[in-house]
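Chemist: Quick one, entry-v4.pdb (PDB, C-alpha atoms):
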```pdb
MODEL        1
ATOM      1  CA  MET C  39     -71.215 -11.484-224.177  1.00  0.00           C
ATOM      2  CA  GLN C  40     -68.939 -10.953-221.227  1.00  0.00           C
ATOM      3  CA  LEU C  41     -66.124 -13.426-220.789  1.00  0.00           C
ATOM      4  CA  ILE C  42     -65.229 -14.296-217.231  1.00  0.00           C
ATOM      5  CA  PHE C  43     -61.768 -15.635-216.497  1.00  0.00           C
ATOM      6  CA  TYR C  44     -61.081 -17.583-213.342  1.00  0.00           C
ATOM      7  CA  ASN C  45     -57.725 -18.011-211.720  1.00  0.00           C
ATOM      8  CA  MET C  46     -56.703 -21.625-212.129  1.00  0.00           C
ATOM      9  CA  ALA C  47     -55.444 -23.282-208.976  1.00  0.00           C
ATOM     10  CA  ASN C  48     -52.798 -25.950-209.135  1.00  0.00           C
ATOM     11  CA  SER C  49     -53.814 -28.682-206.738  1.00  0.00           C
ATOM     12  CA  LYS C  50     -53.296 -32.367-206.091  1.00  0.00           C
ATOM     13  CA  VAL C  51     -54.784 -35.291-204.253  1.00  0.00           C
ATOM     14  CA  LYS C  52     -52.529 -37.710-202.414  1.00  0.00           C
ATOM     15  CA  LEU C  53     -53.054 -41.383-203.142  1.00  0.00           C
ATOM     16  CA  ASP C  54     -53.698 -41.939-199.454  1.00  0.00           C
ATOM     17  CA  ASP C  55     -56.416 -39.306-199.620  1.00  0.00           C
ATOM     18  CA  VAL C  56     -58.080 -41.162-202.500  1.00  0.00           C
ATOM     19  CA  SER C  57     -58.274 -44.295-200.370  1.00  0.00           C
ATOM     20  CA  SER C  58     -59.527 -42.283-197.423  1.00  0.00           C
ATOM     21  CA  ALA C  59     -62.219 -40.571-199.508  1.00  0.00           C
ATOM     22  CA  ASN C  60     -63.397 -43.870-200.979  1.00  0.00           C
ATOM     23  CA  GLY C  61     -63.209 -45.824-197.743  1.00  0.00           C
ATOM     24  CA  THR C  62     -61.023 -48.558-199.208  1.00  0.00           C
ATOM     25  CA  ARG C  63     -58.786 -50.648-196.974  1.00  0.00           C
ATOM     26  CA  LYS C  64     -55.064 -51.172-197.318  1.00  0.00           C
ATOM     27  CA  ILE C  65     -53.779 -54.712-197.211  1.00  0.00           C
ATOM     28  CA  SER C  66     -50.574 -56.017-195.700  1.00  0.00           C
ATOM     29  CA  LEU C  67     -48.482 -58.466-197.725  1.00  0.00           C
ATOM     30  CA  PRO C  68     -45.012 -59.957-197.325  1.00  0.00           C
ATOM     31  CA  LYS C  69     -42.228 -57.765-198.700  1.00  0.00           C
ATOM     32  CA  TYR C  70     -41.747 -58.001-202.507  1.00  0.00           C
ATOM     33  CA  SER C  71     -44.743 -60.329-202.842  1.00  0.00           C
ATOM     34  CA  SER C  72     -47.156 -57.814-204.351  1.00  0.00           C
ATOM     35  CA  GLN C  73     -45.194 -57.551-207.618  1.00  0.00           C
ATOM     36  CA  VAL C  74     -44.907 -61.347-207.882  1.00  0.00           C
ATOM     37  CA  ILE C  75     -48.602 -61.869-207.182  1.00  0.00           C
ATOM     38  CA  ASN C  76     -49.368 -59.254-209.824  1.00  0.00           C
ATOM     39  CA  LEU C  77     -47.297 -61.223-212.348  1.00  0.00           C
ATOM     40  CA  ALA C  78     -48.933 -64.519-211.393  1.00  0.00           C
ATOM     41  CA  ASN C  79     -52.363 -62.905-211.707  1.00  0.00           C
ATOM     42  CA  GLY C  80     -51.477 -61.577-215.144  1.00  0.00           C
ATOM     43  CA  TYR C  81     -49.977 -64.820-216.449  1.00  0.00           C
ATOM     44  CA  ALA C  82     -52.985 -66.801-215.213  1.00  0.00           C
ATOM     45  CA  LYS C  83     -55.499 -64.207-216.440  1.00  0.00           C
ATOM     46  CA  ALA C  84     -57.046 -64.745-213.021  1.00  0.00           C
ATOM     47  CA  THR C  85     -59.125 -61.560-213.039  1.00  0.00           C
ATOM     48  CA  LYS C  86     -60.514 -62.119-216.522  1.00  0.00           C
ATOM     49  CA  PRO C  87     -64.171 -61.101-217.084  1.00  0.00           C
ATOM     50  CA  ALA C  88     -65.293 -64.749-216.896  1.00  0.00           C
ATOM     51  CA  ASN C  89     -64.158 -64.778-213.267  1.00  0.00           C
ATOM     52  CA  VAL C  90     -64.723 -61.314-211.838  1.00  0.00           C
ATOM     53  CA  GLY C  91     -66.599 -59.507-214.579  1.00  0.00           C
ATOM     54  CA  GLN C  92     -65.588 -56.441-216.586  1.00  0.00           C
ATOM     55  CA  VAL C  93     -64.872 -54.359-213.503  1.00  0.00           C
ATOM     56  CA  SER C  94     -64.675 -50.955-215.215  1.00  0.00           C
ATOM     57  CA  GLU C  95     -68.110 -51.520-216.780  1.00  0.00           C
ATOM     58  CA  ASP C  96     -69.559 -53.204-213.703  1.00  0.00           C
ATOM     59  CA  ILE C  97     -68.777 -50.173-211.567  1.00  0.00           C
ATOM     60  CA  LYS C  98     -70.889 -48.091-213.955  1.00  0.00           C
ATOM     61  CA  LYS C  99     -73.736 -50.591-213.596  1.00  0.00           C
ATOM     62  CA  PHE C 100     -73.278 -50.489-209.832  1.00  0.00           C
ATOM     63  CA  ARG C 101     -73.521 -46.698-209.822  1.00  0.00           C
ATOM     64  CA  ASP C 102     -76.672 -46.864-211.956  1.00  0.00           C
ATOM     65  CA  ASP C 103     -78.383 -49.421-209.704  1.00  0.00           C
ATOM     66  CA  ASP C 104     -81.392 -47.576-208.232  1.00  0.00           C
ATOM     67  CA  SER C 105     -82.109 -50.405-205.811  1.00  0.00           C
ATOM     68  CA  LEU C 106     -79.084 -49.471-203.694  1.00  0.00           C
ATOM     69  CA  SER C 107     -79.370 -47.129-200.749  1.00  0.00           C
ATOM     70  CA  GLY C 108     -75.730 -46.063-201.015  1.00  0.00           C
ATOM     71  CA  TYR C 109     -72.606 -46.326-203.130  1.00  0.00           C
ATOM     72  CA  THR C 110     -69.869 -46.868-200.574  1.00  0.00           C
ATOM     73  CA  ASN C 111     -66.974 -49.246-201.025  1.00  0.00           C
ATOM     74  CA  GLN C 112     -68.801 -51.808-198.885  1.00  0.00           C
ATOM     75  CA  ASP C 113     -71.871 -51.405-201.102  1.00  0.00           C
ATOM     76  CA  TRP C 114     -69.656 -52.146-204.104  1.00  0.00           C
ATOM     77  CA  ILE C 115     -68.222 -55.227-202.395  1.00  0.00           C
ATOM     78  CA  ASN C 116     -71.699 -56.528-201.603  1.00  0.00           C
ATOM     79  CA  TRP C 117     -72.951 -55.770-205.132  1.00  0.00           C
ATOM     80  CA  HIS C 118     -70.006 -57.491-206.784  1.00  0.00           C
ATOM     81  CA  LYS C 119     -70.291 -60.600-204.579  1.00  0.00           C
ATOM     82  CA  LYS C 120     -73.956 -60.858-205.485  1.00  0.00           C
ATOM     83  CA  GLN C 121     -73.159 -60.672-209.206  1.00  0.00           C
ATOM     84  CA  TYR C 122     -70.136 -62.996-209.037  1.00  0.00           C
ATOM     85  CA  PRO C 123     -70.559 -65.165-205.913  1.00  0.00           C
ATOM     86  CA  ASP C 124     -67.409 -67.244-206.518  1.00  0.00           C
ATOM     87  CA  GLY C 125     -65.501 -64.723-208.654  1.00  0.00           C
ATOM     88  CA  ILE C 126     -62.795 -63.854-206.122  1.00  0.00           C
ATOM     89  CA  GLN C 127     -62.281 -67.533-205.263  1.00  0.00           C
ATOM     90  CA  LYS C 128     -61.887 -68.449-208.949  1.00  0.00           C
ATOM     91  CA  ALA C 129     -59.347 -65.652-209.382  1.00  0.00           C
ATOM     92  CA  THR C 130     -57.525 -66.707-206.218  1.00  0.00           C
ATOM     93  CA  ASP C 131     -57.303 -70.354-207.291  1.00  0.00           C
ATOM     94  CA  ALA C 132     -56.015 -69.435-210.750  1.00  0.00           C
ATOM     95  CA  ALA C 133     -53.428 -66.974-209.459  1.00  0.00           C
ATOM     96  CA  TRP C 134     -52.278 -69.353-206.710  1.00  0.00           C
ATOM     97  CA  ALA C 135     -51.726 -72.194-209.187  1.00  0.00           C
ATOM     98  CA  MET C 136     -49.602 -69.916-211.344  1.00  0.00           C
ATOM     99  CA  PHE C 137     -47.794 -68.550-208.276  1.00  0.00           C
ATOM    100  CA  GLU C 138     -46.757 -72.075-207.305  1.00  0.00           C
ATOM    101  CA  LYS C 139     -45.460 -72.754-210.822  1.00  0.00           C
ATOM    102  CA  MET C 140     -43.458 -69.537-210.710  1.00  0.00           C
ATOM    103  CA  ARG C 141     -42.096 -70.299-207.255  1.00  0.00           C
ATOM    104  CA  ASN C 142     -40.975 -73.778-208.296  1.00  0.00           C
ATOM    105  CA  SER C 143     -39.307 -72.381-211.394  1.00  0.00           C
ATOM    106  CA  LEU C 144     -37.614 -69.568-209.466  1.00  0.00           C
ATOM    107  CA  ASN C 145     -36.102 -72.117-207.094  1.00  0.00           C
ATOM    108  CA  THR C 146     -34.025 -73.376-210.030  1.00  0.00           C
ATOM    109  CA  VAL C 147     -32.583 -69.938-210.883  1.00  0.00           C
ATOM    110  CA  THR C 148     -28.810 -69.628-210.413  1.00  0.00           C
ATOM    111  CA  LYS C 149     -26.524 -66.624-210.135  1.00  0.00           C
ATOM    112  CA  ASP C 150     -25.326 -67.395-213.666  1.00  0.00           C
ATOM    113  CA  ASP C 151     -28.927 -67.056-214.859  1.00  0.00           C
ATOM    114  CA  ILE C 152     -29.039 -63.603-213.281  1.00  0.00           C
ATOM    115  CA  LYS C 153     -25.847 -62.673-215.109  1.00  0.00           C
ATOM    116  CA  LYS C 154     -27.339 -63.868-218.411  1.00  0.00           C
ATOM    117  CA  TRP C 155     -30.416 -61.724-217.747  1.00  0.00           C
ATOM    118  CA  GLU C 156     -28.298 -58.637-217.013  1.00  0.00           C
ATOM    119  CA  GLU C 157     -26.244 -59.140-220.170  1.00  0.00           C
ATOM    120  CA  ASP C 158     -29.358 -59.674-222.276  1.00  0.00           C
ATOM    121  CA  PHE C 159     -30.965 -56.536-220.838  1.00  0.00           C
ATOM    122  CA  VAL C 160     -27.937 -54.269-221.347  1.00  0.00           C
ATOM    123  CA  PHE C 161     -26.387 -55.738-224.503  1.00  0.00           C
ATOM    124  CA  SER C 162     -29.451 -56.923-226.437  1.00  0.00           C
ATOM    125  CA  LYS C 163     -32.907 -55.769-225.374  1.00  0.00           C
ATOM    126  CA  THR C 164     -31.945 -52.183-224.547  1.00  0.00           C
ATOM    127  CA  TYR C 165     -29.850 -51.930-227.718  1.00  0.00           C
ATOM    128  CA  ASP C 166     -32.638 -53.360-229.881  1.00  0.00           C
ATOM    129  CA  GLY C 167     -35.149 -51.040-228.254  1.00  0.00           C
ATOM    130  CA  LEU C 168     -33.033 -48.001-229.003  1.00  0.00           C
ATOM    131  CA  MET C 169     -32.110 -49.178-232.492  1.00  0.00           C
ATOM    132  CA  VAL C 170     -35.620 -49.813-233.815  1.00  0.00           C
ATOM    133  CA  GLN C 171     -35.125 -46.830-236.105  1.00  0.00           C
ATOM    134  CA  ASN C 172     -32.142 -48.518-237.744  1.00  0.00           C
ATOM    135  CA  ALA C 173     -34.095 -51.706-238.465  1.00  0.00           C
ATOM    136  CA  ILE C 174     -37.043 -49.812-239.975  1.00  0.00           C
ATOM    137  CA  VAL C 175     -34.879 -47.512-242.114  1.00  0.00           C
ATOM    138  CA  LYS C 176     -32.991 -50.548-243.427  1.00  0.00           C
ATOM    139  CA  LYS C 177     -36.224 -52.483-244.115  1.00  0.00           C
ATOM    140  CA  ILE C 178     -37.783 -49.602-246.070  1.00  0.00           C
ATOM    141  CA  ALA C 179     -34.592 -49.183-248.118  1.00  0.00           C
ATOM    142  CA  GLU C 180     -34.592 -52.896-248.946  1.00  0.00           C
ATOM    143  CA  GLU C 181     -38.251 -52.838-249.980  1.00  0.00           C
ATOM    144  CA  ILE C 182     -37.874 -49.844-252.301  1.00  0.00           C
ATOM    145  CA  GLY C 183     -34.633 -51.247-253.720  1.00  0.00           C
ATOM    146  CA  THR C 184     -32.029 -48.719-252.629  1.00  0.00           C
ATOM    147  CA  LYS C 185     -28.716 -48.989-250.793  1.00  0.00           C
ATOM    148  CA  ASP C 186     -28.724 -45.277-250.037  1.00  0.00           C
ATOM    149  CA  PHE C 187     -29.771 -45.173-246.388  1.00  0.00           C
ATOM    150  CA  ARG C 188     -28.269 -44.323-243.029  1.00  0.00           C
ATOM    151  CA  LEU C 189     -29.106 -43.272-239.501  1.00  0.00           C
ATOM    152  CA  ALA C 190     -28.948 -39.604-238.605  1.00  0.00           C
ATOM    153  CA  SER C 191     -25.897 -38.076-236.997  1.00  0.00           C
ATOM    154  CA  PRO C 192     -26.183 -36.695-233.444  1.00  0.00           C
ATOM    155  CA  GLU C 193     -26.485 -33.190-234.892  1.00  0.00           C
ATOM    156  CA  GLU C 194     -29.245 -34.288-237.286  1.00  0.00           C
ATOM    157  CA  GLU C 195     -31.027 -36.069-234.425  1.00  0.00           C
ATOM    158  CA  ARG C 196     -31.134 -32.769-232.558  1.00  0.00           C
ATOM    159  CA  GLN C 197     -33.071 -31.416-235.540  1.00  0.00           C
ATOM    160  CA  GLY C 198     -35.638 -34.203-235.162  1.00  0.00           C
ATOM    161  CA  ILE C 199     -34.314 -36.467-237.929  1.00  0.00           C
ATOM    162  CA  ASP C 200     -33.834 -40.190-237.309  1.00  0.00           C
ATOM    163  CA  GLY C 201     -32.407 -41.252-240.647  1.00  0.00           C
ATOM    164  CA  PHE C 202     -32.167 -40.812-244.418  1.00  0.00           C
ATOM    165  CA  ILE C 203     -33.493 -42.955-247.267  1.00  0.00           C
ATOM    166  CA  ASN C 204     -32.483 -41.994-250.804  1.00  0.00           C
ATOM    167  CA  GLY C 205     -31.350 -38.678-249.365  1.00  0.00           C
ATOM    168  CA  HIS C 206     -34.785 -37.977-247.852  1.00  0.00           C
ATOM    169  CA  PRO C 207     -34.900 -37.281-244.103  1.00  0.00           C
ATOM    170  CA  VAL C 208     -37.296 -39.433-242.081  1.00  0.00           C
ATOM    171  CA  GLN C 209     -38.573 -39.610-238.526  1.00  0.00           C
ATOM    172  CA  ILE C 210     -39.290 -43.038-237.040  1.00  0.00           C
ATOM    173  CA  LYS C 211     -41.760 -42.686-234.178  1.00  0.00           C
ATOM    174  CA  SER C 212     -43.691 -45.169-232.069  1.00  0.00           C
ATOM    175  CA  ASP C 213     -47.471 -45.081-232.309  1.00  0.00           C
ATOM    176  CA  SER C 214     -47.572 -43.392-228.892  1.00  0.00           C
ATOM    177  CA  TYR C 215     -45.876 -40.393-230.516  1.00  0.00           C
ATOM    178  CA  ASP C 216     -49.042 -39.842-232.548  1.00  0.00           C
ATOM    179  CA  ARG C 217     -50.868 -39.245-229.273  1.00  0.00           C
ATOM    180  CA  THR C 218     -48.161 -37.238-227.534  1.00  0.00           C
ATOM    181  CA  GLY C 219     -46.238 -35.615-230.376  1.00  0.00           C
ATOM    182  CA  LYS C 220     -47.644 -32.150-229.736  1.00  0.00           C
ATOM    183  CA  LEU C 221     -45.994 -32.185-226.334  1.00  0.00           C
ATOM    184  CA  HIS C 222     -42.585 -32.402-227.982  1.00  0.00           C
ATOM    185  CA  ASN C 223     -43.031 -29.026-229.676  1.00  0.00           C
ATOM    186  CA  GLU C 224     -41.186 -30.274-232.764  1.00  0.00           C
ATOM    187  CA  ASP C 225     -41.470 -28.608-236.144  1.00  0.00           C
ATOM    188  CA  ILE C 226     -41.630 -31.713-238.306  1.00  0.00           C
ATOM    189  CA  GLN C 227     -40.114 -31.022-241.714  1.00  0.00           C
ATOM    190  CA  CYS C 228     -39.782 -34.590-243.000  1.00  0.00           C
ATOM    191  CA  VAL C 229     -41.644 -37.832-243.568  1.00  0.00           C
ATOM    192  CA  VAL C 230     -42.840 -39.522-240.376  1.00  0.00           C
ATOM    193  CA  VAL C 231     -43.089 -43.313-240.234  1.00  0.00           C
ATOM    194  CA  SER C 232     -45.106 -44.532-237.255  1.00  0.00           C
ATOM    195  CA  TYR C 233     -44.568 -48.028-235.896  1.00  0.00           C
ATOM    196  CA  LYS C 234     -46.303 -50.248-233.372  1.00  0.00           C
ATOM    197  CA  LYS C 235     -44.850 -53.174-231.458  1.00  0.00           C
ATOM    198  CA  LYS C 236     -47.011 -56.280-231.140  1.00  0.00           C
ATOM    199  CA  LYS C 237     -45.521 -59.338-229.473  1.00  0.00           C
ATOM    200  CA  LYS C 238     -42.815 -60.532-231.873  1.00  0.00           C
ATOM    201  CA  ASN C 239     -43.363 -58.036-234.694  1.00  0.00           C
ATOM    202  CA  ILE C 240     -43.076 -54.331-235.410  1.00  0.00           C
ATOM    203  CA  PHE C 241     -45.725 -52.985-237.777  1.00  0.00           C
ATOM    204  CA  PHE C 242     -45.354 -49.771-239.776  1.00  0.00           C
ATOM    205  CA  ASP C 243     -46.777 -48.097-242.878  1.00  0.00           C
ATOM    206  CA  TYR C 244     -45.080 -45.816-245.373  1.00  0.00           C
ATOM    207  CA  ASN C 245     -45.500 -44.422-248.867  1.00  0.00           C
ATOM    208  CA  PRO C 246     -42.648 -45.539-251.200  1.00  0.00           C
ATOM    209  CA  GLU C 247     -43.141 -42.349-253.247  1.00  0.00           C
ATOM    210  CA  ASP C 248     -41.906 -40.327-250.249  1.00  0.00           C
ATOM    211  CA  PHE C 249     -38.425 -41.701-250.851  1.00  0.00           C
ATOM    212  CA  GLN C 250     -38.203 -41.431-254.651  1.00  0.00           C
TER
ENDMDL
END
```
Please rewrite the model in this file as structure tokens.

Modeler:
Amino acid sequence: MQLIFYNMANSKVKLDDVSSANGTRKISLPKYSSQVINLANGYAKATKPANVGQVSEDIKKFRDDDSLSGYTNQDWINWHKKQYPDGIQKATDAAWAMFEKMRNSLNTVTKDDIKKWEEDFVFSKTYDGLMVQNAIVKKIAEEIGTKDFRLASPEEERQGIDGFINGHPVQIKSDSYDRTGKLHNEDIQCVVVSYKKKKKNIFFDYNPEDFQ
């Protein structure tokens, strides 16, 4: 069997070209409003399936609809409106109600509130986010009944170690590391504890025998 190798071309498509190819229209909104509307939409769950359908799945159904003569953006708009006649209006009403609540609340914000937010971001949230490893190492040590634990030194961190428990090196990685770890090109030589953040808790699994 003859193997044929093709030269791979590095290419790209501009976002504007995607819109042009699909025939979608750009909208004009007041400055800064798009991000706020996005938040209001999310808080209100305005585009939930009950209102506008499961869009990612509906597009597949749309593409499989043999009764259509075309699959342009306008065809999609017409198809969606037929399936969910008042879907956009329901989403609009829900998002607008939440937008008004947000606007009324924002009118009460003071400069001191902004300062509190900045302090919380720099002194607390960022610190906690970067020190998750410390909390997990300490929790594991407590659960296995040892006081022999510490975070890694800068030099040890450069070797891919986040901490030590009972003298055993450990890496503390978010669950996303499991999906992207190969990109880091790290030669993992120690126990890896994977964690996942969910709302107010951090979940992780480990084997106590790894630290005996």

Chemist: Tell me, in Å to one decimal, how far atom CA of Trp114 of chain C is from atom CA of Asp54 of chain C.

Modeler: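 Going from atom CA of Trp114 of chain C over to atom CA of Asp54 of chain C, I get 19.5 Å.
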
Chemist: C:His206, C:Arg188, C:Lys99, C:Arg196: which is nearest Asn172 of chain C, counting all atoms listed in the file?

Modeler: C:Arg188

Chemist: When the PyMOL selection byres ((chain C and resi 79) around 9) is applied to the structure above, which residues does it catch, written out as an MDAnalysis selection string?

Modeler: chainID C and resid 74:78 80:85 129:130 132:134 136:137

Chemist: Could you tell me which residues the PyMOL selection byres ((chain C and resi 240) around 12) grabs in this file, written as a list of chain:residue names?

Modeler: C:Asp166, C:Gly167, C:Val170, C:Gln171, C:Ala173, C:Ile174, C:Lys177, C:Lys211, C:Ser212, C:Asp213, C:Ser232, C:Tyr233, C:Lys234, C:Lys235, C:Lys236, C:Lys237, C:Lys238, C:Asn239, C:Phe241, C:Phe242, C:Asp243

Chemist: Once the PyMOL selection byres ((chain C and resi 244) around 9) has been applied to the shown file, what residues remain in the selection, as number ranges by chain?

Modeler: C: 178, 229-232, 242-243, 245-248

Chemist: Mind giving me the axis-aligned box for segment 173-188 of chain C with 3 Å on every side, centre plus edges in Å to one decimal, as lines of an AutoDock Vina configuration file?

Modeler:
```
center_x = -33.3
center_y = -48.6
center_z = -246.1
size_x = 16.0
size_y = 14.6
size_z = 21.3
```

Chemist: Report the distance between atom CA of Val147 of chain C and atom CA of Tyr70 of chain C in Å, rounded to one decimal place.

Modeler: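 Atom-to-atom, atom CA of Val147 of chain C to atom CA of Tyr70 of chain C, that is 17.2 Å.
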
Chemist: Hey, which of C:Asn204, C:Gln73, C:Ser57, C:Ser94 ends up closest to Asp186 of chain C? Count all atoms listed in the file.

Modeler: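 Under the stated criterion, the closest residue is C:Asn204.
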
Chemist: With a distance cut-off of 8 Å and all atoms listed in the file, select the neighbouring residues of segment 118-128 of chain C, excluding the residue or stretch itself and same-chain residues fewer than 6 positions from it, and output the selection as a CSV table (one decimal) with C-alpha atoms, in the coordinates of the input.

Modeler:
```csv
chain,number,residue,atom,x,y,z
C,84,ALA,CA,-57.0,-64.7,-213.0
C,89,ASN,CA,-64.2,-64.8,-213.3
C,90,VAL,CA,-64.7,-61.3,-211.8
C,91,GLY,CA,-66.6,-59.5,-214.6
```

Chemist: Between atom CA of Gln92 of chain C and atom CA of Gly61 of chain C, measure the distance and give it in Å to one decimal.

Modeler: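 The value is 21.8 Å.
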
Chemist: Quick one: residues within 10 Å of Ala190 of chain C, all atoms listed in the file counted, chain neighbours fewer than 4 positions away excluded, as a PyMOL selection string?

Modeler: chain C and resi 171-172+194-202+207-209

Chemist: Given only C-alpha atoms as the basis, pick out the residue of C:Ser162, C:Asn60, C:Ser49, C:Gln250 nearest to Tyr109 of chain C.

Modeler: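 Looking at the shortest contact to Tyr109 of chain C, the residue is C:Asn60.
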
Chemist: How would segment 183-196 of chain C read, as a JSON list (two decimals), keeping the file's coordinate frame, once N, CA and C atoms are built in?

Modeler:
```
[["chain", "number", "residue", "atom", "x", "y", "z"],
["C", 183, "GLY", "N", -35.76, -50.91, -252.85],
["C", 183, "GLY", "CA", -34.63, -51.25, -253.72],
["C", 183, "GLY", "C", -33.52, -50.23, -253.78],
["C", 184, "THR", "N", -33.14, -49.66, -252.64],
["C", 184, "THR", "CA", -32.03, -48.72, -252.63],
["C", 184, "THR", "C", -31.03, -49.10, -251.54],
["C", 185, "LYS", "N", -29.76, -48.78, -251.80],
["C", 185, "LYS", "CA", -28.72, -48.99, -250.79],
["C", 185, "LYS", "C", -28.30, -47.67, -250.16],
["C", 186, "ASP", "N", -29.03, -46.61, -250.55],
["C", 186, "ASP", "CA", -28.72, -45.28, -250.04],
["C", 186, "ASP", "C", -29.57, -45.01, -248.79],
["C", 187, "PHE", "N", -29.07, -45.42, -247.65],
["C", 187, "PHE", "CA", -29.77, -45.17, -246.39],
["C", 187, "PHE", "C", -28.76, -45.12, -245.24],
["C", 188, "ARG", "N", -29.12, -44.40, -244.20],
["C", 188, "ARG", "CA", -28.27, -44.32, -243.03],
["C", 188, "ARG", "C", -29.05, -43.72, -241.87],
["C", 189, "LEU", "N", -28.54, -43.93, -240.66],
["C", 189, "LEU", "CA", -29.11, -43.27, -239.50],
["C", 189, "LEU", "C", -28.61, -41.84, -239.44],
["C", 190, "ALA", "N", -29.33, -41.01, -238.73],
["C", 190, "ALA", "CA", -28.95, -39.60, -238.60],
["C", 190, "ALA", "C", -27.75, -39.46, -237.67],
["C", 191, "SER", "N", -27.00, -38.40, -237.89],
["C", 191, "SER", "CA", -25.90, -38.08, -237.00],
["C", 191, "SER", "C", -26.47, -37.44, -235.74],
["C", 192, "PRO", "N", -25.69, -37.35, -234.66],
["C", 192, "PRO", "CA", -26.18, -36.70, -233.44],
["C", 192, "PRO", "C", -26.72, -35.29, -233.70],
["C", 193, "GLU", "N", -26.04, -34.55, -234.57],
["C", 193, "GLU", "CA", -26.48, -33.19, -234.89],
["C", 193, "GLU", "C", -27.82, -33.22, -235.62],
["C", 194, "GLU", "N", -27.99, -34.16, -236.55],
["C", 194, "GLU", "CA", -29.24, -34.29, -237.29],
["C", 194, "GLU", "C", -30.37, -34.75, -236.36],
["C", 195, "GLU", "N", -30.03, -35.62, -235.39],
["C", 195, "GLU", "CA", -31.03, -36.07, -234.42],
["C", 195, "GLU", "C", -31.57, -34.90, -233.61],
["C", 196, "ARG", "N", -30.70, -33.94, -233.31],
["C", 196, "ARG", "CA", -31.13, -32.77, -232.56],
["C", 196, "ARG", "C", -32.12, -31.93, -233.36]]
```
